[in-house]
>>> print(open('final-v5.pdb').read())   # PDB, C-alpha atoms
MODEL        1
ATOM      1  CA  MET A  15     -13.754 -12.866 -24.099
ATOM      2  CA  SER A  16     -13.666 -15.424 -26.798
ATOM      3  CA  ALA A  17     -14.883 -14.650 -30.239
ATOM      4  CA  LYS A  18     -17.237 -17.555 -29.776
ATOM      5  CA  GLY A  19     -18.581 -16.402 -26.468
ATOM      6  CA  GLY A  20     -16.063 -18.101 -24.235
ATOM      7  CA  THR A  21     -17.315 -21.606 -24.748
ATOM      8  CA  THR A  22     -14.970 -24.400 -23.871
ATOM      9  CA  ARG A  23     -14.069 -26.366 -26.923
ATOM     10  CA  SER A  24     -11.856 -29.249 -27.596
ATOM     11  CA  ARG A  25     -11.217 -31.424 -30.558
ATOM     12  CA  THR A  26     -10.540 -35.090 -30.307
ATOM     13  CA  SER A  27      -7.875 -36.130 -32.712
ATOM     14  CA  SER A  28      -7.175 -39.746 -33.302
ATOM     15  CA  THR A  29      -4.294 -41.280 -35.097
ATOM     16  CA  ARG A  30      -5.860 -42.764 -38.153
ATOM     17  CA  VAL A  31      -4.484 -46.248 -37.960
ATOM     18  CA  ALA A  32      -6.233 -49.543 -38.099
ATOM     19  CA  ASN A  33      -5.247 -53.127 -38.329
ATOM     20  CA  CYS A  34      -2.376 -53.316 -40.729
ATOM     21  CA  PRO A  35      -2.029 -56.772 -42.143
ATOM     22  CA  ASN A  36       0.896 -55.608 -44.224
ATOM     23  CA  LEU A  37       2.892 -55.016 -41.055
ATOM     24  CA  GLY A  38       2.578 -58.469 -39.604
ATOM     25  CA  GLY A  39      -1.075 -58.553 -38.782
ATOM     26  CA  ALA A  40      -0.855 -57.348 -35.216
ATOM     27  CA  PRO A  41      -3.602 -54.808 -34.540
ATOM     28  CA  LEU A  42      -2.220 -51.360 -33.877
ATOM     29  CA  GLN A  43      -3.665 -49.685 -30.840
ATOM     30  CA  LEU A  44      -5.727 -46.599 -31.419
ATOM     31  CA  SER A  45      -4.632 -43.714 -29.250
ATOM     32  CA  LEU A  46      -6.976 -40.881 -28.499
ATOM     33  CA  GLU A  47      -5.556 -37.503 -27.691
ATOM     34  CA  VAL A  48      -7.589 -34.520 -26.659
ATOM     35  CA  VAL A  49      -6.165 -31.305 -28.056
ATOM     36  CA  SER A  50      -7.590 -28.117 -26.699
ATOM     37  CA  LEU A  51      -7.677 -25.328 -29.137
ATOM     38  CA  ALA A  52      -7.228 -21.642 -28.700
ATOM     39  CA  ASP A  53      -8.611 -18.555 -30.346
ATOM     40  CA  LEU A  54      -6.371 -15.796 -31.593
ATOM     41  CA  LEU A  55      -7.943 -12.370 -31.332
ATOM     42  CA  LEU A  56      -6.943  -8.904 -32.383
ATOM     43  CA  SER A  57      -7.509  -6.309 -29.683
ATOM     44  CA  VAL A  58      -7.249  -2.573 -30.231
ATOM     45  CA  ARG A  59      -7.032   0.352 -27.868
ATOM     46  CA  HIS A  60      -6.267   4.022 -28.009
ATOM     47  CA  LEU A  61      -2.714   5.164 -27.443
ATOM     48  CA  ARG A  62      -2.105   6.297 -23.881
ATOM     49  CA  ASP A  63       0.150   9.297 -24.348
ATOM     50  CA  LEU A  64      -1.435  12.713 -24.559
ATOM     51  CA  PRO A  65      -2.643  14.127 -26.857
ATOM     52  CA  ALA A  66      -2.642  10.987 -29.044
ATOM     53  CA  ARG A  67      -5.148   9.224 -26.771
ATOM     54  CA  TRP A  68      -7.846  11.644 -27.889
ATOM     55  CA  ALA A  69      -7.244  10.938 -31.565
ATOM     56  CA  PRO A  70      -8.637   7.968 -33.516
ATOM     57  CA  VAL A  71      -5.224   6.335 -33.588
ATOM     58  CA  TYR A  72      -5.074   2.784 -32.310
ATOM     59  CA  HIS A  73      -2.643   0.302 -30.845
ATOM     60  CA  ALA A  74      -3.219  -3.337 -31.807
ATOM     61  CA  SER A  75      -2.220  -6.449 -29.918
ATOM     62  CA  LEU A  76      -2.901 -10.162 -30.250
ATOM     63  CA  VAL A  77      -4.699 -12.149 -27.573
ATOM     64  CA  LEU A  78      -4.380 -15.918 -27.335
ATOM     65  CA  VAL A  79      -7.314 -17.414 -25.465
ATOM     66  CA  GLU A  80      -7.595 -20.987 -24.343
ATOM     67  CA  PRO A  81      -9.763 -22.126 -21.450
ATOM     68  CA  GLY A  82      -7.598 -23.536 -18.688
ATOM     69  CA  GLN A  83      -4.492 -21.644 -19.757
ATOM     70  CA  LEU A  84      -3.271 -18.135 -19.096
ATOM     71  CA  THR A  85      -4.714 -15.718 -21.614
ATOM     72  CA  LEU A  86      -1.696 -14.162 -23.267
ATOM     73  CA  VAL A  87      -1.242 -10.889 -25.088
ATOM     74  CA  PHE A  88       1.475 -10.268 -27.672
ATOM     75  CA  GLY A  89       2.472  -6.998 -29.199
ATOM     76  CA  GLY A  90       4.995  -4.272 -29.661
ATOM     77  CA  ASP A  91       5.766  -1.173 -27.679
ATOM     78  CA  LYS A  92       8.191   1.667 -27.389
ATOM     79  CA  GLY A  93      11.169   0.998 -25.186
ATOM     80  CA  ARG A  94      12.893   3.578 -23.023
ATOM     81  CA  GLY A  95      13.876   6.708 -24.839
ATOM     82  CA  VAL A  96      12.497   9.423 -27.041
ATOM     83  CA  LEU A  97      10.586   9.101 -30.268
ATOM     84  CA  TRP A  98      12.394   9.598 -33.511
ATOM     85  CA  PRO A  99      10.616  10.042 -36.847
ATOM     86  CA  ALA A 100      12.841   7.467 -38.509
ATOM     87  CA  GLY A 101      10.621   7.362 -41.570
ATOM     88  CA  VAL A 102      11.291  11.040 -42.098
ATOM     89  CA  LEU A 103      14.763  11.591 -40.717
ATOM     90  CA  PRO A 104      17.520   8.988 -40.601
ATOM     91  CA  ALA A 105      18.076   8.040 -36.995
ATOM     92  CA  PRO A 106      21.532   8.609 -35.553
ATOM     93  CA  GLN A 107      22.324   5.063 -34.495
ATOM     94  CA  THR A 108      24.933   6.108 -31.988
ATOM     95  CA  PHE A 109      22.459   8.011 -29.836
ATOM     96  CA  GLU A 110      21.226   5.742 -27.105
ATOM     97  CA  TRP A 111      18.370   7.979 -26.047
ATOM     98  CA  ILE A 112      16.240   7.057 -29.047
ATOM     99  CA  ALA A 113      13.607   4.520 -28.083
ATOM    100  CA  PRO A 114      13.963   0.986 -29.456
ATOM    101  CA  LEU A 115      11.106  -1.103 -30.764
ATOM    102  CA  MET A 116      10.219  -3.718 -28.163
ATOM    103  CA  THR A 117       7.969  -6.736 -28.296
ATOM    104  CA  TYR A 118       6.184  -8.369 -25.414
ATOM    105  CA  GLU A 119       4.320 -11.400 -24.189
ATOM    106  CA  ASP A 120       2.261 -10.752 -21.087
ATOM    107  CA  VAL A 121      -0.798 -12.053 -19.323
ATOM    108  CA  PHE A 122      -3.989 -10.432 -20.589
ATOM    109  CA  GLN A 123      -5.714  -9.495 -17.361
ATOM    110  CA  ALA A 124      -6.964  -6.528 -15.371
ATOM    111  CA  GLY A 125      -4.148  -4.106 -14.768
ATOM    112  CA  HIS A 126      -2.585  -4.663 -18.163
ATOM    113  CA  VAL A 127      -2.904  -1.637 -20.402
ATOM    114  CA  ASP A 128      -4.111  -3.701 -23.366
ATOM    115  CA  PHE A 129      -6.835  -5.285 -21.234
ATOM    116  CA  ASP A 130      -7.976  -2.189 -19.372
ATOM    117  CA  PHE A 131      -8.318   0.019 -22.412
ATOM    118  CA  SER A 132      -9.360  -2.467 -25.090
ATOM    119  CA  VAL A 133     -12.191  -0.992 -27.142
ATOM    120  CA  ALA A 134     -12.754  -3.784 -29.655
ATOM    121  CA  ARG A 135     -11.715  -7.340 -30.358
ATOM    122  CA  VAL A 136     -12.054  -9.382 -33.488
ATOM    123  CA  SER A 137     -11.137 -12.947 -34.288
ATOM    124  CA  VAL A 138      -7.992 -13.528 -36.320
ATOM    125  CA  VAL A 139      -8.176 -17.312 -36.406
ATOM    126  CA  ASP A 140      -9.896 -19.994 -34.367
ATOM    127  CA  ASN A 141      -8.675 -23.428 -33.426
ATOM    128  CA  VAL A 142      -4.954 -22.865 -33.190
ATOM    129  CA  GLN A 143      -2.734 -24.767 -30.807
ATOM    130  CA  TYR A 144      -1.933 -22.680 -27.770
ATOM    131  CA  HIS A 145       1.662 -23.664 -27.080
ATOM    132  CA  ALA A 146       2.666 -23.960 -30.727
ATOM    133  CA  THR A 147       1.313 -20.482 -31.450
ATOM    134  CA  ARG A 148       2.989 -19.009 -28.390
ATOM    135  CA  ASP A 149       6.309 -20.594 -29.294
ATOM    136  CA  ALA A 150       6.050 -19.441 -32.905
ATOM    137  CA  PHE A 151       5.436 -15.905 -31.685
ATOM    138  CA  ARG A 152       8.476 -16.116 -29.430
ATOM    139  CA  VAL A 153      10.676 -16.989 -32.390
ATOM    140  CA  VAL A 154       9.319 -14.094 -34.451
ATOM    141  CA  ARG A 155       9.590 -11.669 -31.533
ATOM    142  CA  ALA A 156      13.215 -12.646 -31.025
ATOM    143  CA  ALA A 157      13.887 -12.095 -34.726
ATOM    144  CA  ILE A 158      12.288  -8.655 -34.584
ATOM    145  CA  GLU A 159      14.224  -7.606 -31.495
ATOM    146  CA  ALA A 160      17.449  -8.964 -32.965
ATOM    147  CA  ARG A 161      17.185  -6.303 -35.659
ATOM    148  CA  ASN A 162      17.596  -3.558 -33.026
ATOM    149  CA  LEU A 163      15.050  -1.315 -34.680
ATOM    150  CA  ARG A 164      14.201   2.114 -33.414
ATOM    151  CA  TYR A 165      10.583   2.676 -32.486
ATOM    152  CA  ASP A 166       8.917   4.743 -35.131
ATOM    153  CA  PRO A 167       5.310   5.819 -34.568
ATOM    154  CA  VAL A 168       4.477   5.423 -38.251
ATOM    155  CA  TRP A 169       6.581   2.544 -39.591
ATOM    156  CA  THR A 170       8.069   0.264 -36.956
ATOM    157  CA  ASN A 171       5.542   0.225 -34.168
ATOM    158  CA  CYS A 172       3.097  -2.021 -32.321
ATOM    159  CA  ASN A 173       0.881  -2.540 -35.360
ATOM    160  CA  ALA A 174       3.821  -3.602 -37.509
ATOM    161  CA  VAL A 175       4.769  -6.145 -34.842
ATOM    162  CA  VAL A 176       1.227  -7.531 -34.755
ATOM    163  CA  SER A 177       1.107  -7.695 -38.546
ATOM    164  CA  THR A 178       4.413  -9.549 -38.612
ATOM    165  CA  LEU A 179       3.260 -12.038 -35.990
ATOM    166  CA  VAL A 180       0.015 -12.851 -37.797
ATOM    167  CA  ARG A 181       1.708 -13.238 -41.155
ATOM    168  CA  SER A 182       4.353 -15.485 -39.631
ATOM    169  CA  LEU A 183       1.557 -17.953 -38.904
ATOM    170  CA  GLY A 184       0.406 -17.767 -42.513
ATOM    171  CA  TYR A 185      -2.881 -16.033 -41.778
ATOM    172  CA  ALA A 186      -4.333 -12.846 -43.139
ATOM    173  CA  LEU A 187      -4.933  -9.854 -40.952
ATOM    174  CA  PRO A 188      -8.596  -9.146 -40.285
ATOM    175  CA  PRO A 189      -9.965  -5.727 -41.140
ATOM    176  CA  PRO A 190      -9.504  -3.347 -38.205
ATOM    177  CA  PRO A 191     -12.500  -3.580 -35.886
ATOM    178  CA  VAL A 192     -12.635   0.190 -35.429
ATOM    179  CA  ARG A 193     -12.766   3.206 -37.644
ATOM    180  CA  GLY A 194      -9.573   5.130 -37.353
ATOM    181  CA  TRP A 195      -5.889   4.894 -38.077
ATOM    182  CA  LEU A 196      -3.714   1.949 -37.193
ATOM    183  CA  PRO A 197      -0.351   3.139 -38.475
ATOM    184  CA  ALA A 198       1.748   0.375 -40.077
ATOM    185  CA  TYR A 199      -1.115  -2.107 -39.801
ATOM    186  CA  GLY A 200      -0.395  -4.678 -42.493
ATOM    187  CA  ARG A 201       3.290  -3.843 -42.694
ATOM    188  CA  ALA A 202       5.552  -6.831 -41.998
ATOM    189  CA  ILE A 203       8.882  -6.080 -40.389
ATOM    190  CA  LEU A 204      10.472  -9.352 -41.410
ATOM    191  CA  LYS A 205      10.555 -10.050 -45.121
ATOM    192  CA  GLU A 206       9.847 -13.742 -44.691
ATOM    193  CA  ALA A 207       6.804 -13.029 -42.525
TER     194      ALA A 207
ATOM    195  CA  MET Q  29      23.843  -1.262  -4.923
ATOM    196  CA  VAL Q  30      22.730   0.211  -8.239
ATOM    197  CA  ALA Q  31      25.691   2.567  -8.289
ATOM    198  CA  ARG Q  32      28.032  -0.349  -7.706
ATOM    199  CA  LEU Q  33      26.460  -2.323 -10.520
ATOM    200  CA  ARG Q  34      26.609   0.658 -12.833
ATOM    201  CA  ALA Q  35      30.296   0.984 -12.162
ATOM    202  CA  ARG Q  36      30.754  -2.654 -13.116
ATOM    203  CA  TYR Q  37      29.187  -2.356 -16.552
ATOM    204  CA  SER Q  38      30.063  -0.182 -19.489
ATOM    205  CA  GLN Q  39      27.589   2.390 -20.781
ATOM    206  CA  GLY Q  40      26.936   0.280 -23.866
ATOM    207  CA  GLY Q  41      26.002  -2.698 -21.777
ATOM    208  CA  MET Q  42      23.790  -0.585 -19.550
ATOM    209  CA  ASN Q  43      21.513   0.465 -22.351
ATOM    210  CA  VAL Q  44      20.608  -2.751 -24.097
ATOM    211  CA  ALA Q  45      16.935  -3.041 -24.853
ATOM    212  CA  VAL Q  46      16.422  -6.582 -23.603
ATOM    213  CA  ALA Q  47      18.466  -7.978 -20.806
ATOM    214  CA  THR Q  48      18.722 -11.735 -20.638
ATOM    215  CA  VAL Q  49      20.416 -13.500 -17.795
ATOM    216  CA  SER Q  50      21.140 -17.156 -17.313
ATOM    217  CA  LEU Q  51      20.636 -18.505 -13.821
ATOM    218  CA  THR Q  52      22.840 -21.507 -14.233
ATOM    219  CA  LYS Q  53      26.059 -22.019 -12.332
ATOM    220  CA  GLY Q  54      28.954 -19.672 -12.822
ATOM    221  CA  ASP Q  55      27.054 -16.912 -14.612
ATOM    222  CA  ARG Q  56      26.163 -14.596 -11.791
ATOM    223  CA  LEU Q  57      27.633 -12.023  -9.483
ATOM    224  CA  ALA Q  58      28.863 -12.910  -6.063
ATOM    225  CA  GLN Q  59      26.078 -11.941  -3.721
ATOM    226  CA  ASP Q  60      25.766 -10.587  -0.244
ATOM    227  CA  PRO Q  61      22.362 -11.975   0.765
ATOM    228  CA  ALA Q  62      21.768  -9.750   3.750
ATOM    229  CA  GLU Q  63      22.485  -6.555   1.877
ATOM    230  CA  LEU Q  64      20.476  -7.645  -1.134
ATOM    231  CA  LEU Q  65      17.406  -8.676   0.793
ATOM    232  CA  ALA Q  66      17.386  -5.452   2.772
ATOM    233  CA  GLU Q  67      17.212  -3.364  -0.381
ATOM    234  CA  PRO Q  68      13.919  -3.043  -2.249
ATOM    235  CA  ILE Q  69      14.033  -2.973  -6.016
ATOM    236  CA  PRO Q  70      13.701   0.671  -7.128
ATOM    237  CA  TRP Q  71      11.175  -0.204  -9.843
ATOM    238  CA  ARG Q  72      10.282   3.385 -10.644
ATOM    239  CA  SER Q  73      13.794   4.765 -10.687
ATOM    240  CA  PRO Q  74      14.587   6.288 -14.078
ATOM    241  CA  ASP Q  75      18.147   5.087 -13.578
ATOM    242  CA  LEU Q  76      17.114   1.453 -13.466
ATOM    243  CA  THR Q  77      17.873  -0.233 -16.781
ATOM    244  CA  PRO Q  78      16.980  -3.710 -18.022
ATOM    245  CA  THR Q  79      20.532  -4.798 -17.383
ATOM    246  CA  THR Q  80      20.682  -3.561 -13.818
ATOM    247  CA  LEU Q  81      17.250  -4.956 -13.040
ATOM    248  CA  ALA Q  82      18.138  -8.352 -14.478
ATOM    249  CA  THR Q  83      21.344  -8.334 -12.473
ATOM    250  CA  LEU Q  84      19.570  -7.393  -9.271
ATOM    251  CA  LEU Q  85      17.013 -10.158  -9.768
ATOM    252  CA  ALA Q  86      19.633 -12.744 -10.670
ATOM    253  CA  ALA Q  87      21.603 -11.882  -7.567
ATOM    254  CA  ARG Q  88      18.507 -12.357  -5.421
ATOM    255  CA  PHE Q  89      17.455 -15.560  -7.085
ATOM    256  CA  GLY Q  90      20.781 -17.324  -7.062
ATOM    257  CA  GLU Q  91      21.519 -20.119  -9.432
ATOM    258  CA  ARG Q  92      19.084 -22.829  -8.410
ATOM    259  CA  ILE Q  93      15.943 -21.085  -7.335
ATOM    260  CA  SER Q  94      12.667 -22.904  -7.791
ATOM    261  CA  ALA Q  95       9.877 -21.267  -9.724
ATOM    262  CA  ASP Q  96       7.753 -21.271  -6.550
ATOM    263  CA  GLU Q  97      10.411 -19.395  -4.622
ATOM    264  CA  ALA Q  98      11.029 -16.963  -7.477
ATOM    265  CA  GLU Q  99       7.303 -16.257  -7.628
ATOM    266  CA  ARG Q 100       7.233 -15.539  -3.908
ATOM    267  CA  VAL Q 101      10.294 -13.270  -4.082
ATOM    268  CA  LEU Q 102       8.820 -11.280  -6.965
ATOM    269  CA  ARG Q 103       5.501 -10.888  -5.168
ATOM    270  CA  ASP Q 104       7.314  -9.689  -2.055
ATOM    271  CA  LEU Q 105       9.110  -7.150  -4.217
ATOM    272  CA  GLY Q 106       5.780  -5.785  -5.412
ATOM    273  CA  ALA Q 107       5.477  -7.350  -8.851
ATOM    274  CA  VAL Q 108       2.325  -8.897 -10.267
ATOM    275  CA  VAL Q 109       3.181 -12.515 -10.985
ATOM    276  CA  ASN Q 110       1.502 -15.236 -13.046
ATOM    277  CA  ARG Q 111       2.744 -18.674 -13.880
ATOM    278  CA  SER Q 112       2.113 -21.320 -16.468
ATOM    279  CA  ASP Q 113       3.706 -24.739 -16.553
ATOM    280  CA  ASP Q 114       6.875 -23.497 -18.219
ATOM    281  CA  THR Q 115       6.860 -19.710 -17.969
ATOM    282  CA  LEU Q 116       6.769 -17.139 -15.212
ATOM    283  CA  TYR Q 117       5.302 -13.723 -16.047
ATOM    284  CA  ALA Q 118       5.866 -10.701 -13.851
ATOM    285  CA  THR Q 119       5.146  -7.043 -14.348
ATOM    286  CA  ALA Q 120       5.954  -4.052 -12.213
ATOM    287  CA  PRO Q 121       5.540  -0.326 -12.686
ATOM    288  CA  ALA Q 122       8.521   1.451 -14.152
ATOM    289  CA  GLY Q 123       9.574   5.068 -14.074
ATOM    290  CA  ALA Q 124      10.167   7.494 -16.882
ATOM    291  CA  ARG Q 125      11.962  10.818 -17.020
ATOM    292  CA  ILE Q 126       9.188  12.214 -19.164
ATOM    293  CA  ALA Q 127       5.673  10.740 -19.219
ATOM    294  CA  LEU Q 128       2.742  12.115 -21.179
ATOM    295  CA  GLY Q 129       0.107   9.842 -19.733
ATOM    296  CA  ALA Q 130       1.324   6.349 -20.534
ATOM    297  CA  LYS Q 131       2.343   4.156 -17.629
ATOM    298  CA  PRO Q 132       5.635   2.408 -18.314
ATOM    299  CA  ARG Q 133       6.194  -1.040 -16.906
ATOM    300  CA  TRP Q 134       8.769  -3.749 -16.510
ATOM    301  CA  SER Q 135       7.952  -7.013 -18.245
ATOM    302  CA  ILE Q 136       9.808  -9.974 -16.780
ATOM    303  CA  LEU Q 137       9.638 -13.362 -18.456
ATOM    304  CA  GLY Q 138      11.136 -16.366 -16.716
ATOM    305  CA  THR Q 139      11.778 -19.760 -18.268
ATOM    306  CA  ILE Q 140      11.004 -22.693 -15.993
ATOM    307  CA  GLU Q 141      12.884 -25.921 -16.423
ATOM    308  CA  PRO Q 142      10.244 -28.571 -17.118
ATOM    309  CA  ALA Q 143      12.004 -31.357 -15.251
ATOM    310  CA  GLY Q 144      13.037 -29.699 -12.017
ATOM    311  CA  GLY Q 145      10.684 -26.746 -11.847
ATOM    312  CA  ARG Q 146      13.575 -24.350 -11.489
ATOM    313  CA  LEU Q 147      13.886 -20.937 -13.002
ATOM    314  CA  VAL Q 148      16.693 -21.038 -15.536
ATOM    315  CA  ARG Q 149      16.419 -17.836 -17.547
ATOM    316  CA  LEU Q 150      15.090 -14.311 -17.203
ATOM    317  CA  GLU Q 151      14.228 -11.724 -19.820
ATOM    318  CA  VAL Q 152      13.665  -8.151 -18.670
ATOM    319  CA  ARG Q 153      12.084  -5.505 -20.854
ATOM    320  CA  TYR Q 154      11.174  -1.886 -20.304
ATOM    321  CA  LEU Q 155       7.897  -1.042 -22.034
ATOM    322  CA  SER Q 156       6.610   2.491 -22.244
ATOM    323  CA  GLY Q 157       2.939   1.445 -22.300
ATOM    324  CA  ASN Q 158       2.241   3.948 -25.038
TER     325      ASN Q 158
ENDMDL
END
>>> encode(input="final-v5.pdb", output="structure tokens")
Amino acid sequence: MSAKGGTTRSRTSSTRVANCPNLGGAPLQLSLEVVSLADLLLSVRHLRDLPARWAPVYHASLVLVEPGQLTLVFGGDKGRGVLWPAGVLPAPQTFEWIAPLMTYEDVFQAGHVDFDFSVARVSVVDNVQYHATRDAFRVVRAAIEARNLRYDPVWTNCNAVVSTLVRSLGYALPPPPVRGWLPAYGRAILKEA
Amino acid sequence: MVARLRARYSQGGMNVAVATVSLTKGDRLAQDPAELLAEPIPWRSPDLTPTTLATLLAARFGERISADEAERVLRDLGAVVNRSDDTLYATAPAGARIALGAKPRWSILGTIEPAGGRLVRLEVRYLSGN
């Protein structure tokens, strides 16, 4: 599962303080805190709708792995409704049957489409804090959904959501782990991301 | 039940993409427990929207449900439930009017109050699974 073979890792961080004579001479107590660190992976799978599932077109999602915590998957998906080629034709905003762009945070486990059909995984970054990363993704996901975007298979899709999430952390996207097309991979939805 | 809830909400409110409901006092529908508990959640109904699902769940949960109890209720309703220290994750199959192979699902995210272990917020999303 993990990019490093699933080994349990932790890093001991200590507050770097010592006796401080300038502050009255009393020795400051060293506190040791064990911080477990997570890996952030990029997982790709084929699309599920026919006939796209037979084509080399891929859906990307992000997997946050930390031993002892739920393995989480983050990504984007089409909401309820029909596809609209918004990059080609301007979408009629008043029509409610056009699918919105959704984001998600789920548990990465058997039964989840991203888990069951994952064909390749590659490390995005190692040694990130689990809860801080999850919470940062929640903020970015909320910002994306607040824009009420229509799902567009070419421009505002799952890969754009993943790209936005990774860039929001300040990291670069890894090269796709498969040969094929990941539409909108590398395209950030939020300008500040 | 669903028809009654639909009549209560406008069309615009019925079709929001993400439904969020607070489970704190004074922000829920009056409930009839017997009627609610007798009705299963029609997960696969194409008429079920995030808003109606969130409302149905909020009515079942009440305003001070513990995360343990919410987990049990969701499991009894047929959802797959996982929990961390501060979040409850549930998924259930959803229905679509037209499906070309993808399996749509409901993604339910619950916020657990750290101090009391109670469920205080729900987010409901329809995902096409494309």
>>> interface_residues(input="final-v5.pdb", of="chain A", to="chain Q", cutoff="7 Å", atoms="only C-alpha atoms", output="number ranges by chain")
A: 61-64, 84, 91-94, 114, 120, 127
>>> resolve_selection(input="final-v5.pdb", expression="the PyMOL selection byres ((chain A and resi 134) around 9)", output="list in words")
Leu56, Ser57, Val58, Arg59, Ser132, Val133, Arg135, Val136, Pro191 and Val192 of chain A
>>> write_last_selection(input="final-v5.pdb", atoms="C-alpha atoms", output="JSON list (two decimals), keeping the file's coordinate frame")
[["chain", "number", "residue", "atom", "x", "y", "z"],
["A", 56, "LEU", "CA", -6.94, -8.90, -32.38],
["A", 57, "SER", "CA", -7.51, -6.31, -29.68],
["A", 58, "VAL", "CA", -7.25, -2.57, -30.23],
["A", 59, "ARG", "CA", -7.03, 0.35, -27.87],
["A", 132, "SER", "CA", -9.36, -2.47, -25.09],
["A", 133, "VAL", "CA", -12.19, -0.99, -27.14],
["A", 135, "ARG", "CA", -11.72, -7.34, -30.36],
["A", 136, "VAL", "CA", -12.05, -9.38, -33.49],
["A", 191, "PRO", "CA", -12.50, -3.58, -35.89],
["A", 192, "VAL", "CA", -12.64, 0.19, -35.43]]
>>> atom_distance(input="final-v5.pdb", atom1="atom CA of His145 of chain A", atom2="atom CA of Ala52 of chain A")
9.3 Å
>>> atom_distance(input="final-v5.pdb", atom1="atom CA of Gly82 of chain A", atom2="atom CA of Pro121 of chain Q")
27.3 Å
>>> atom_distance(input="final-v5.pdb", atom1="atom CA of Arg181 of chain A", atom2="atom CA of Arg155 of chain A")
12.5 Å
>>> resolve_selection(input="final-v5.pdb", expression="the PyMOL selection byres ((chain Q and resi 146) around 10)", output="list in words")
Leu51, Glu91, Arg92, Ile93, Ser94, Ala95, Asp96, Glu97, Ala98, Asp114, Gly138, Thr139, Ile140, Glu141, Pro142, Ala143, Gly144, Gly145, Leu147, Val148 and Arg149 of chain Q
>>> closest_residue(input="final-v5.pdb", among="A:Ala69, A:Leu115, A:Ser75, A:Glu80", to="Tyr144 of chain A", atoms="only C-alpha atoms")
A:Glu80
>>> residues_around(input="final-v5.pdb", residues="Val87 of chain A", least_positions_apart="2", cutoff="8 Å", atoms="all atoms listed in the file", output="PyMOL selection string")
chain A and resi 75-78+85+89+118-122+128
